[in-house]
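Peer 1: target_35.pdb is reproduced in full below (PDB, C-alpha atoms).
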```
MODEL        1
ATOM      1  CA  MET A 956      36.764  31.832   1.544  1.00  0.00           C
ATOM      2  CA  THR A 957      33.700  31.090  -0.575  1.00  0.00           C
ATOM      3  CA  ARG A 958      32.437  27.551  -0.128  1.00  0.00           C
ATOM      4  CA  GLN A 959      32.149  25.701  -3.418  1.00  0.00           C
ATOM      5  CA  ILE A 960      29.051  23.578  -3.948  1.00  0.00           C
ATOM      6  CA  PRO A 961      29.800  20.512  -6.129  1.00  0.00           C
ATOM      7  CA  ILE A 962      28.029  20.498  -9.481  1.00  0.00           C
ATOM      8  CA  GLY A 963      24.899  18.373  -9.356  1.00  0.00           C
ATOM      9  CA  SER A 964      24.388  18.826  -5.623  1.00  0.00           C
ATOM     10  CA  GLU A 965      21.755  21.038  -4.032  1.00  0.00           C
ATOM     11  CA  PRO A 966      22.001  23.338  -1.032  1.00  0.00           C
ATOM     12  CA  ALA A 967      21.361  21.705   2.307  1.00  0.00           C
ATOM     13  CA  PRO A 968      18.153  23.694   2.986  1.00  0.00           C
ATOM     14  CA  GLU A 969      16.632  22.398  -0.270  1.00  0.00           C
ATOM     15  CA  ARG A 970      17.572  18.841   0.625  1.00  0.00           C
ATOM     16  CA  GLY A 971      16.063  19.390   4.046  1.00  0.00           C
ATOM     17  CA  ARG A 972      12.763  20.608   2.612  1.00  0.00           C
ATOM     18  CA  ALA A 973      12.629  17.691   0.181  1.00  0.00           C
ATOM     19  CA  THR A 974      13.322  15.208   2.979  1.00  0.00           C
ATOM     20  CA  LEU A 975      10.697  16.816   5.206  1.00  0.00           C
ATOM     21  CA  ALA A 976       8.089  16.735   2.442  1.00  0.00           C
ATOM     22  CA  THR A 977       8.826  13.061   1.793  1.00  0.00           C
ATOM     23  CA  SER A 978       8.510  12.310   5.511  1.00  0.00           C
ATOM     24  CA  LEU A 979       5.187  14.148   5.618  1.00  0.00           C
ATOM     25  CA  VAL A 980       3.945  12.210   2.572  1.00  0.00           C
ATOM     26  CA  GLU A 981       4.637   8.928   4.326  1.00  0.00           C
ATOM     27  CA  ARG A 982       3.058  10.076   7.585  1.00  0.00           C
ATOM     28  CA  LEU A 983      -0.072  11.366   5.882  1.00  0.00           C
ATOM     29  CA  ARG A 984      -0.292   8.278   3.677  1.00  0.00           C
ATOM     30  CA  GLN A 985      -0.207   5.994   6.702  1.00  0.00           C
ATOM     31  CA  GLU A 986      -2.873   8.027   8.485  1.00  0.00           C
ATOM     32  CA  VAL A 987      -5.139   7.726   5.434  1.00  0.00           C
ATOM     33  CA  LEU A 988      -4.449   4.033   4.856  1.00  0.00           C
ATOM     34  CA  SER A 989      -4.919   3.101   8.505  1.00  0.00           C
ATOM     35  CA  GLY A 990      -8.173   5.019   8.835  1.00  0.00           C
ATOM     36  CA  GLU A 991      -6.796   7.496  11.345  1.00  0.00           C
ATOM     37  CA  LEU A 992      -7.942  10.070   8.802  1.00  0.00           C
ATOM     38  CA  LEU A 993     -11.408   8.866   7.808  1.00  0.00           C
ATOM     39  CA  PRO A 994     -12.865   8.718   4.289  1.00  0.00           C
ATOM     40  CA  GLY A 995     -14.402  12.051   3.359  1.00  0.00           C
ATOM     41  CA  GLN A 996     -12.817  13.845   6.318  1.00  0.00           C
ATOM     42  CA  ARG A 997     -11.860  17.444   5.624  1.00  0.00           C
ATOM     43  CA  ILE A 998      -8.149  18.164   5.991  1.00  0.00           C
ATOM     44  CA  ARG A 999      -7.270  21.532   7.499  1.00  0.00           C
ATOM     45  CA  LEU A1000      -3.673  22.387   6.730  1.00  0.00           C
ATOM     46  CA  GLU A1001      -3.387  24.737   9.708  1.00  0.00           C
ATOM     47  CA  GLU A1002      -4.353  21.928  12.076  1.00  0.00           C
ATOM     48  CA  LEU A1003      -1.865  19.550  10.489  1.00  0.00           C
ATOM     49  CA  ARG A1004       0.788  22.258  10.634  1.00  0.00           C
ATOM     50  CA  ASP A1005       0.288  22.634  14.373  1.00  0.00           C
ATOM     51  CA  ARG A1006       0.055  18.890  14.998  1.00  0.00           C
ATOM     52  CA  TYR A1007       3.161  18.051  12.980  1.00  0.00           C
ATOM     53  CA  GLY A1008       5.082  21.164  13.993  1.00  0.00           C
ATOM     54  CA  VAL A1009       6.031  22.081  10.411  1.00  0.00           C
ATOM     55  CA  SER A1010       5.517  25.008   8.069  1.00  0.00           C
ATOM     56  CA  LEU A1011       2.802  25.085   5.438  1.00  0.00           C
ATOM     57  CA  SER A1012       5.162  24.877   2.454  1.00  0.00           C
ATOM     58  CA  PRO A1013       6.312  21.211   2.803  1.00  0.00           C
ATOM     59  CA  LEU A1014       2.831  20.308   4.024  1.00  0.00           C
ATOM     60  CA  ARG A1015       1.237  21.654   0.840  1.00  0.00           C
ATOM     61  CA  GLU A1016       3.777  19.695  -1.208  1.00  0.00           C
ATOM     62  CA  ALA A1017       2.915  16.492   0.675  1.00  0.00           C
ATOM     63  CA  VAL A1018      -0.816  17.062   0.191  1.00  0.00           C
ATOM     64  CA  SER A1019      -0.271  17.714  -3.520  1.00  0.00           C
ATOM     65  CA  ARG A1020       1.641  14.453  -3.917  1.00  0.00           C
ATOM     66  CA  LEU A1021      -1.041  12.441  -2.134  1.00  0.00           C
ATOM     67  CA  GLY A1022      -3.618  14.205  -4.270  1.00  0.00           C
ATOM     68  CA  SER A1023      -1.853  12.953  -7.392  1.00  0.00           C
ATOM     69  CA  GLU A1024      -1.988   9.445  -5.911  1.00  0.00           C
ATOM     70  CA  GLY A1025      -5.733   9.743  -5.363  1.00  0.00           C
ATOM     71  CA  LEU A1026      -5.641   9.331  -1.588  1.00  0.00           C
ATOM     72  CA  LEU A1027      -6.601  12.974  -1.036  1.00  0.00           C
ATOM     73  CA  LEU A1028      -9.062  15.077  -3.027  1.00  0.00           C
ATOM     74  CA  ILE A1029      -8.009  18.665  -3.688  1.00  0.00           C
ATOM     75  CA  GLU A1030     -11.107  20.651  -4.619  1.00  0.00           C
ATOM     76  CA  ASP A1031     -11.155  24.264  -5.791  1.00  0.00           C
ATOM     77  CA  GLN A1032     -12.828  26.508  -3.229  1.00  0.00           C
ATOM     78  CA  ARG A1033     -13.574  23.525  -0.989  1.00  0.00           C
ATOM     79  CA  GLY A1034     -10.158  22.589   0.329  1.00  0.00           C
ATOM     80  CA  VAL A1035      -8.805  19.086   0.851  1.00  0.00           C
ATOM     81  CA  ARG A1036     -10.644  15.915   1.800  1.00  0.00           C
ATOM     82  CA  VAL A1037      -9.644  12.309   2.343  1.00  0.00           C
ATOM     83  CA  ALA A1038     -10.750  10.255  -0.653  1.00  0.00           C
ATOM     84  CA  PRO A1039     -14.097   8.537   0.022  1.00  0.00           C
ATOM     85  CA  VAL A1040     -14.670   4.786  -0.245  1.00  0.00           C
ATOM     86  CA  SER A1041     -17.347   2.913  -2.155  1.00  0.00           C
ATOM     87  CA  ALA A1042     -18.130  -0.475  -3.642  1.00  0.00           C
ATOM     88  CA  GLU A1043     -17.655   1.044  -7.114  1.00  0.00           C
ATOM     89  CA  ASN A1044     -14.204   2.354  -6.299  1.00  0.00           C
ATOM     90  CA  LEU A1045     -13.217  -0.954  -4.716  1.00  0.00           C
ATOM     91  CA  ALA A1046     -14.374  -2.807  -7.845  1.00  0.00           C
ATOM     92  CA  GLU A1047     -12.145  -0.605  -9.990  1.00  0.00           C
ATOM     93  CA  VAL A1048      -9.161  -1.135  -7.691  1.00  0.00           C
ATOM     94  CA  VAL A1049      -9.662  -4.915  -7.668  1.00  0.00           C
ATOM     95  CA  GLU A1050     -10.095  -5.159 -11.450  1.00  0.00           C
ATOM     96  CA  LEU A1051      -6.981  -3.115 -12.167  1.00  0.00           C
ATOM     97  CA  ARG A1052      -4.939  -4.917  -9.554  1.00  0.00           C
ATOM     98  CA  ALA A1053      -6.072  -8.345 -10.771  1.00  0.00           C
ATOM     99  CA  ASP A1054      -4.929  -7.408 -14.272  1.00  0.00           C
ATOM    100  CA  LEU A1055      -1.691  -5.564 -13.565  1.00  0.00           C
ATOM    101  CA  GLU A1056      -0.180  -7.410 -10.602  1.00  0.00           C
ATOM    102  CA  PRO A1057      -0.162 -10.832 -12.338  1.00  0.00           C
ATOM    103  CA  LYS A1058       1.429  -9.144 -15.372  1.00  0.00           C
ATOM    104  CA  ALA A1059       4.191  -7.806 -13.128  1.00  0.00           C
ATOM    105  CA  LEU A1060       4.525 -11.201 -11.461  1.00  0.00           C
ATOM    106  CA  ARG A1061       4.987 -12.955 -14.803  1.00  0.00           C
ATOM    107  CA  ASP A1062       7.827 -10.601 -15.708  1.00  0.00           C
ATOM    108  CA  SER A1063       9.266 -10.966 -12.216  1.00  0.00           C
ATOM    109  CA  ILE A1064       9.372 -14.761 -12.514  1.00  0.00           C
ATOM    110  CA  LEU A1065      11.017 -14.421 -15.932  1.00  0.00           C
ATOM    111  CA  HIS A1066      13.875 -12.389 -14.447  1.00  0.00           C
ATOM    112  CA  ALA A1067      13.979 -13.966 -10.978  1.00  0.00           C
ATOM    113  CA  ASP A1068      17.210 -15.068  -9.310  1.00  0.00           C
ATOM    114  CA  GLU A1069      18.279 -16.637  -6.017  1.00  0.00           C
ATOM    115  CA  GLU A1070      18.178 -13.285  -4.236  1.00  0.00           C
ATOM    116  CA  TRP A1071      14.515 -12.934  -5.213  1.00  0.00           C
ATOM    117  CA  GLU A1072      13.823 -16.446  -3.881  1.00  0.00           C
ATOM    118  CA  VAL A1073      15.386 -15.565  -0.542  1.00  0.00           C
ATOM    119  CA  ARG A1074      13.375 -12.348  -0.412  1.00  0.00           C
ATOM    120  CA  ILE A1075       9.969 -13.933  -0.991  1.00  0.00           C
ATOM    121  CA  THR A1076      10.540 -16.972   1.238  1.00  0.00           C
ATOM    122  CA  GLY A1077      11.913 -14.810   4.039  1.00  0.00           C
ATOM    123  CA  THR A1078       8.957 -12.440   3.901  1.00  0.00           C
ATOM    124  CA  LEU A1079       6.488 -15.343   3.820  1.00  0.00           C
ATOM    125  CA  MET A1080       8.172 -16.822   6.898  1.00  0.00           C
ATOM    126  CA  GLN A1081       7.872 -13.531   8.792  1.00  0.00           C
ATOM    127  CA  LEU A1082       4.234 -13.141   7.751  1.00  0.00           C
ATOM    128  CA  SER A1083       3.403 -16.688   8.820  1.00  0.00           C
ATOM    129  CA  ARG A1084       5.026 -16.098  12.196  1.00  0.00           C
ATOM    130  CA  GLN A1085       3.087 -12.859  12.644  1.00  0.00           C
ATOM    131  CA  GLU A1086      -0.220 -14.593  11.875  1.00  0.00           C
ATOM    132  CA  LYS A1087       0.264 -16.717  15.002  1.00  0.00           C
ATOM    133  CA  THR A1088       0.570 -13.749  17.347  1.00  0.00           C
ATOM    134  CA  ASP A1089      -2.278 -11.894  19.003  1.00  0.00           C
ATOM    135  CA  ASN A1090      -1.374  -8.526  20.444  1.00  0.00           C
ATOM    136  CA  GLY A1091      -4.044  -6.151  19.212  1.00  0.00           C
ATOM    137  CA  GLN A1092      -3.369  -3.146  17.016  1.00  0.00           C
ATOM    138  CA  GLN A1093       0.365  -3.708  16.954  1.00  0.00           C
ATOM    139  CA  ARG A1094      -0.245  -7.126  15.406  1.00  0.00           C
ATOM    140  CA  VAL A1095      -2.549  -5.623  12.756  1.00  0.00           C
ATOM    141  CA  GLU A1096      -0.026  -2.970  11.775  1.00  0.00           C
ATOM    142  CA  ARG A1097       2.831  -5.449  11.503  1.00  0.00           C
ATOM    143  CA  TRP A1098       0.716  -7.960   9.549  1.00  0.00           C
ATOM    144  CA  GLU A1099      -0.344  -5.261   7.093  1.00  0.00           C
ATOM    145  CA  ARG A1100       3.249  -4.187   6.581  1.00  0.00           C
ATOM    146  CA  LEU A1101       4.457  -7.746   5.987  1.00  0.00           C
ATOM    147  CA  HIS A1102       1.490  -8.585   3.768  1.00  0.00           C
ATOM    148  CA  ARG A1103       2.248  -5.642   1.517  1.00  0.00           C
ATOM    149  CA  GLN A1104       5.943  -6.525   1.589  1.00  0.00           C
ATOM    150  CA  LEU A1105       5.155 -10.067   0.408  1.00  0.00           C
ATOM    151  CA  HIS A1106       3.091  -8.883  -2.536  1.00  0.00           C
ATOM    152  CA  MET A1107       5.668  -6.319  -3.594  1.00  0.00           C
ATOM    153  CA  SER A1108       8.506  -8.815  -3.114  1.00  0.00           C
ATOM    154  CA  LEU A1109       6.803 -11.224  -5.497  1.00  0.00           C
ATOM    155  CA  VAL A1110       6.886  -8.640  -8.295  1.00  0.00           C
ATOM    156  CA  SER A1111      10.203  -7.071  -7.275  1.00  0.00           C
ATOM    157  CA  ALA A1112      12.178  -8.715 -10.119  1.00  0.00           C
ATOM    158  CA  CYS A1113       9.860  -7.162 -12.712  1.00  0.00           C
ATOM    159  CA  ARG A1114      11.820  -4.887 -15.045  1.00  0.00           C
ATOM    160  CA  MET A1115       8.969  -2.460 -15.799  1.00  0.00           C
ATOM    161  CA  PRO A1116       9.263   0.405 -13.288  1.00  0.00           C
ATOM    162  CA  LEU A1117       6.035   2.113 -14.329  1.00  0.00           C
ATOM    163  CA  LEU A1118       4.082  -1.105 -13.907  1.00  0.00           C
ATOM    164  CA  LEU A1119       5.609  -1.574 -10.451  1.00  0.00           C
ATOM    165  CA  GLN A1120       4.581   1.971  -9.547  1.00  0.00           C
ATOM    166  CA  PHE A1121       0.984   1.213 -10.520  1.00  0.00           C
ATOM    167  CA  CYS A1122       1.073  -2.038  -8.530  1.00  0.00           C
ATOM    168  CA  SER A1123       2.323  -0.201  -5.469  1.00  0.00           C
ATOM    169  CA  MET A1124      -0.420   2.432  -5.695  1.00  0.00           C
ATOM    170  CA  LEU A1125      -3.123  -0.200  -6.187  1.00  0.00           C
ATOM    171  CA  ASN A1126      -1.767  -2.173  -3.237  1.00  0.00           C
ATOM    172  CA  ASP A1127      -2.143   0.930  -1.090  1.00  0.00           C
ATOM    173  CA  ARG A1128      -5.758   1.335  -2.144  1.00  0.00           C
ATOM    174  CA  GLY A1129      -6.582  -2.313  -1.539  1.00  0.00           C
ATOM    175  CA  ASP A1130      -4.849  -2.227   1.831  1.00  0.00           C
ATOM    176  CA  ARG A1131      -6.861   0.833   2.800  1.00  0.00           C
ATOM    177  CA  TYR A1132     -10.170  -0.960   2.279  1.00  0.00           C
ATOM    178  CA  ARG A1133      -9.019  -3.988   4.218  1.00  0.00           C
ATOM    179  CA  ARG A1134      -7.717  -1.908   7.107  1.00  0.00           C
ATOM    180  CA  LEU A1135     -10.893   0.167   7.240  1.00  0.00           C
ATOM    181  CA  PHE A1136     -13.358  -2.704   7.127  1.00  0.00           C
ATOM    182  CA  LEU A1137     -11.511  -5.858   8.244  1.00  0.00           C
ATOM    183  CA  ALA A1138      -9.129  -4.590  10.950  1.00  0.00           C
ATOM    184  CA  ASN A1139     -10.885  -6.546  13.706  1.00  0.00           C
ATOM    185  CA  ARG A1140     -11.224  -9.745  11.717  1.00  0.00           C
ATOM    186  CA  THR A1141      -8.748 -12.574  12.171  1.00  0.00           C
ATOM    187  CA  VAL A1142      -6.781 -13.699   9.133  1.00  0.00           C
ATOM    188  CA  ASP A1143      -8.725 -16.338   7.219  1.00  0.00           C
ATOM    189  CA  GLN A1144      -6.838 -19.622   6.908  1.00  0.00           C
ATOM    190  CA  ARG A1145      -7.708 -19.693   3.220  1.00  0.00           C
ATOM    191  CA  VAL A1146      -5.674 -16.518   2.778  1.00  0.00           C
ATOM    192  CA  VAL A1147      -2.753 -18.097   4.640  1.00  0.00           C
ATOM    193  CA  LEU A1148      -2.882 -21.172   2.391  1.00  0.00           C
ATOM    194  CA  GLU A1149      -3.078 -19.042  -0.746  1.00  0.00           C
ATOM    195  CA  HIS A1150       0.091 -17.167   0.230  1.00  0.00           C
ATOM    196  CA  HIS A1151       1.992 -20.439   0.608  1.00  0.00           C
ATOM    197  CA  GLN A1152       0.644 -21.854  -2.659  1.00  0.00           C
ATOM    198  CA  LEU A1153       1.532 -18.662  -4.473  1.00  0.00           C
ATOM    199  CA  VAL A1154       5.121 -18.592  -3.228  1.00  0.00           C
ATOM    200  CA  GLU A1155       5.527 -22.306  -4.029  1.00  0.00           C
ATOM    201  CA  ALA A1156       4.366 -21.768  -7.625  1.00  0.00           C
ATOM    202  CA  CYS A1157       6.782 -18.860  -7.952  1.00  0.00           C
ATOM    203  CA  LEU A1158       9.703 -20.900  -6.681  1.00  0.00           C
ATOM    204  CA  GLU A1159       8.808 -23.576  -9.230  1.00  0.00           C
ATOM    205  CA  ARG A1160       8.877 -20.831 -11.898  1.00  0.00           C
ATOM    206  CA  ASP A1161       5.374 -21.867 -12.958  1.00  0.00           C
ATOM    207  CA  ALA A1162       4.252 -18.455 -14.180  1.00  0.00           C
ATOM    208  CA  ASP A1163       0.828 -19.555 -15.469  1.00  0.00           C
ATOM    209  CA  LYS A1164      -0.077 -21.193 -12.161  1.00  0.00           C
ATOM    210  CA  ALA A1165       1.336 -18.355 -10.060  1.00  0.00           C
ATOM    211  CA  CYS A1166      -0.478 -15.665 -12.028  1.00  0.00           C
ATOM    212  CA  GLY A1167      -3.756 -17.582 -11.831  1.00  0.00           C
ATOM    213  CA  LEU A1168      -3.352 -18.005  -8.085  1.00  0.00           C
ATOM    214  CA  LEU A1169      -2.538 -14.330  -7.635  1.00  0.00           C
ATOM    215  CA  ARG A1170      -5.600 -13.165  -9.576  1.00  0.00           C
ATOM    216  CA  ALA A1171      -7.858 -15.505  -7.598  1.00  0.00           C
ATOM    217  CA  HIS A1172      -6.233 -14.352  -4.352  1.00  0.00           C
ATOM    218  CA  ILE A1173      -6.819 -10.668  -5.115  1.00  0.00           C
ATOM    219  CA  GLU A1174     -10.426 -11.200  -6.172  1.00  0.00           C
ATOM    220  CA  GLY A1175     -11.195 -13.591  -3.311  1.00  0.00           C
ATOM    221  CA  ALA A1176      -9.772 -11.312  -0.634  1.00  0.00           C
ATOM    222  CA  ALA A1177     -11.905  -8.447  -1.944  1.00  0.00           C
ATOM    223  CA  ALA A1178     -15.061 -10.475  -1.339  1.00  0.00           C
ATOM    224  CA  TYR A1179     -14.626 -10.016   2.421  1.00  0.00           C
ATOM    225  CA  VAL A1180     -14.493  -6.248   1.970  1.00  0.00           C
ATOM    226  CA  TYR A1181     -17.601  -6.233  -0.233  1.00  0.00           C
ATOM    227  CA  GLU A1182     -19.455  -8.076   2.527  1.00  0.00           C
ATOM    228  CA  ALA A1183     -18.329  -5.540   5.120  1.00  0.00           C
ATOM    229  CA  LEU A1184     -19.298  -2.638   2.854  1.00  0.00           C
ATOM    230  CA  ALA A1185     -22.737  -4.148   2.303  1.00  0.00           C
ATOM    231  CA  ARG A1186     -23.268  -4.586   6.049  1.00  0.00           C
ATOM    232  CA  GLN A1187     -22.281  -0.949   6.631  1.00  0.00           C
ATOM    233  CA  ASP A1188     -24.777   0.237   4.004  1.00  0.00           C
ATOM    234  CA  HIS A1189     -27.578  -1.641   5.764  1.00  0.00           C
ATOM    235  CA  ASP A1190     -26.731  -0.394   9.254  1.00  0.00           C
TER     236      ASP A1190
ENDMDL
END
```
With the file now loaded, output its structure as structure tokens.
Peer 2:
Amino acid sequence: MTRQIPIGSEPAPERGRATLATSLVERLRQEVLSGELLPGQRIRLEELRDRYGVSLSPLREAVSRLGSEGLLLIEDQRGVRVAPVSAENLAEVVELRADLEPKALRDSILHADEEWEVRITGTLMQLSRQEKTDNGQQRVERWERLHRQLHMSLVSACRMPLLLQFCSMLNDRGDRYRRLFLANRTVDQRVVLEHHQLVEACLERDADKACGLLRAHIEGAAAYVYEALARQDHD
């Protein structure tokens, strides 16, 4: 008997390849963001194929997707490299993020509900608890995950999907700089206070105050990275 495939579904092998490519995108993204793959480092697909134990087809798809995000550079005749870092690039990331994320936050506050309140307060509580622990790299990784989760939770009620996509991409780029240059630095208490003030303003539905705090928070946090970049340039 011929097996009928429901209309709108895709064959299992295609789903498998799509799932594998998505998994590879996330794995490669994390290696770039964490600094495991260093800025400017050449990516050899054959080496990744052997290390990941996959074929080249889904790997090329993953590299292409990260290239479109700007985390990898795909150069004709020169292969693939991890995107470099610079003070100029950081300035662009910070300026765009300081403009777009508060815009998303304002819309998020406008459409916020009790579920959103629970989400942001719960994430802040987890982040605050994590800031009191000290267990090396595992602590850094968990803090970074929760920090990103807090920022994206704040804008999660925004009803502009494209804007949220931009915010997510810019968060990744900002996180990458912090993880590359501030991984061994303890969390500044000013940053901790700013997170609490920001969530409080959001819960009060004070959009003007919250957006001002968020912009200042983004720009202030970047100052630490600029200092680290400057020190590296002088070494």
Peer 1: Step by step, work through what the PyMOL selection byres ((chain A and resi 1003) around 12) selects in the shown file, and finish by giving those residues as an MDAnalysis selection string.
Peer 2: chainID A and resid 979 982:983 986 992 997:1002 1004:1015 1017:1018 1035
Peer 1: Provide the atom CA of Asp1054 of chain A to atom CA of Arg1170 of chain A distance in Å, to one decimal place.
Peer 2: 7.5 Å
Peer 1: Run through the PyMOL selection byres ((chain A and resi 1174) around 12) on the given coordinates and return the selected residues as a PyMOL selection string.
Peer 2: chain A and resi 1045-1054+1056-1057+1129+1146+1167-1173+1175-1181
Peer 1: With 8 Å on each side, where is the centre of the axis-aligned box around all listed atoms of segment 1028-1031 of chain A, and how long are its edges in Å to one decimal, as JSON?
Peer 2:
```
{"center_x": -9.6, "center_y": 19.7, "center_z": -4.4, "size_x": 19.1, "size_y": 25.2, "size_z": 18.8}
```
Peer 1: Report as a PyMOL selection string the residues that result from applying the PyMOL selection byres ((chain A and resi 1147) around 12) to the structure here.
Peer 2: chain A and resi 1079-1080+1082-1087+1098+1102+1141-1146+1148-1154+1172+1176
Peer 1: Could those selected residues go to a file with C-alpha atoms, as a tab-separated table (two decimals), keeping the file's coordinate frame?
Peer 2:
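Once everything was written out, this is part38.tsv:
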```tsv
chain	number	residue	atom	x	y	z
A	1079	LEU	CA	6.49	-15.34	3.82
A	1080	MET	CA	8.17	-16.82	6.90
A	1082	LEU	CA	4.23	-13.14	7.75
A	1083	SER	CA	3.40	-16.69	8.82
A	1084	ARG	CA	5.03	-16.10	12.20
A	1085	GLN	CA	3.09	-12.86	12.64
A	1086	GLU	CA	-0.22	-14.59	11.88
A	1087	LYS	CA	0.26	-16.72	15.00
A	1098	TRP	CA	0.72	-7.96	9.55
A	1102	HIS	CA	1.49	-8.59	3.77
A	1141	THR	CA	-8.75	-12.57	12.17
A	1142	VAL	CA	-6.78	-13.70	9.13
A	1143	ASP	CA	-8.72	-16.34	7.22
A	1144	GLN	CA	-6.84	-19.62	6.91
A	1145	ARG	CA	-7.71	-19.69	3.22
A	1146	VAL	CA	-5.67	-16.52	2.78
A	1148	LEU	CA	-2.88	-21.17	2.39
A	1149	GLU	CA	-3.08	-19.04	-0.75
A	1150	HIS	CA	0.09	-17.17	0.23
A	1151	HIS	CA	1.99	-20.44	0.61
A	1152	GLN	CA	0.64	-21.85	-2.66
A	1153	LEU	CA	1.53	-18.66	-4.47
A	1154	VAL	CA	5.12	-18.59	-3.23
A	1172	HIS	CA	-6.23	-14.35	-4.35
A	1176	ALA	CA	-9.77	-11.31	-0.63
```
Peer 1: So how far away is atom CA of Ser1063 of chain A from atom CA of Ser1111 of chain A, in Å?
Peer 2: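 Separation between atom CA of Ser1111 of chain A and atom CA of Ser1063 of chain A: 6.4 Å.
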Peer 1: How would you write as an MDAnalysis selection string the residues that get within 9 Å of (3.7, -6.3, -3.6) in the file's frame, counting all atoms listed in the file?
Peer 2: chainID A and resid 1056 1102:1111 1119 1122:1123 1126
Peer 1: In Å, how far is it from atom CA of Pro994 of chain A to atom CA of Ala1038 of chain A?
Peer 2: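 These two atoms are separated by 5.6 Å.
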Peer 1: Go through A:Ala1067, A:Ala1185, A:Leu993, A:Val1040 one by one, measure the shortest atom-to-atom distance of each to Tyr1132 of chain A using all atoms listed in the file, and give the residue with the smallest value.
Peer 2: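 Closest to Tyr1132 of chain A, using all atoms listed in the file: A:Val1040.
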Peer 1: Counting all atoms listed in the file, which residue out of A:Leu1026, A:Ala1042, A:Val1073, A:Ala1165 sits closest to Asp1127 of chain A?
Peer 2: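 Of A:Leu1026, A:Ala1042, A:Val1073, A:Ala1165, the one nearest Asp1127 of chain A, counting all atoms listed in the file, is A:Leu1026.
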Peer 1: Quick one: everything within 10 Å of Gly1025 of chain A, counting only C-alpha atoms, minus sequence neighbours fewer than 6 positions away in the same chain. Send it as a list in words.
Peer 2: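 Near Gly1025 of chain A, the qualifying residues are Ser1019, Val1037, Ala1038, Met1124 and Arg1128 of chain A.
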Peer 1: Just C-alpha atoms for this one: save the residues we selected as a PDB file, in the frame of the given file.
Peer 2:
```pdb
ATOM      1  CA  SER A1019      -0.271  17.714  -3.520  1.00  0.00           C
ATOM      2  CA  VAL A1037      -9.644  12.309   2.343  1.00  0.00           C
ATOM      3  CA  ALA A1038     -10.750  10.255  -0.653  1.00  0.00           C
ATOM      4  CA  MET A1124      -0.420   2.432  -5.695  1.00  0.00           C
ATOM      5  CA  ARG A1128      -5.758   1.335  -2.144  1.00  0.00           C
TER       6      ARG A1128
END
```
Peer 1: What lies within 7 Å of segment 1135-1137 of chain A using all atoms listed in the file, ignoring chain neighbours under 3 positions off, as a VMD selection string?
Peer 2: chain A and resid 989 to 990 1131 to 1132 1140 1180 1183
Peer 1: Could those residues be written to a file, using C-alpha atoms, as a short mmCIF file (atom, residue, chain, number, x, y, z; two decimals), keeping the file's coordinate frame?
Peer 2:
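Done, and the output landed in part.cif:
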```cif
data_model
loop_
_atom_site.label_atom_id
_atom_site.label_comp_id
_atom_site.auth_asym_id
_atom_site.auth_seq_id
_atom_site.Cartn_x
_atom_site.Cartn_y
_atom_site.Cartn_z
CA SER A 989 -4.92 3.10 8.51
CA GLY A 990 -8.17 5.02 8.84
CA ARG A 1131 -6.86 0.83 2.80
CA TYR A 1132 -10.17 -0.96 2.28
CA ARG A 1140 -11.22 -9.74 11.72
CA VAL A 1180 -14.49 -6.25 1.97
CA ALA A 1183 -18.33 -5.54 5.12
#
```
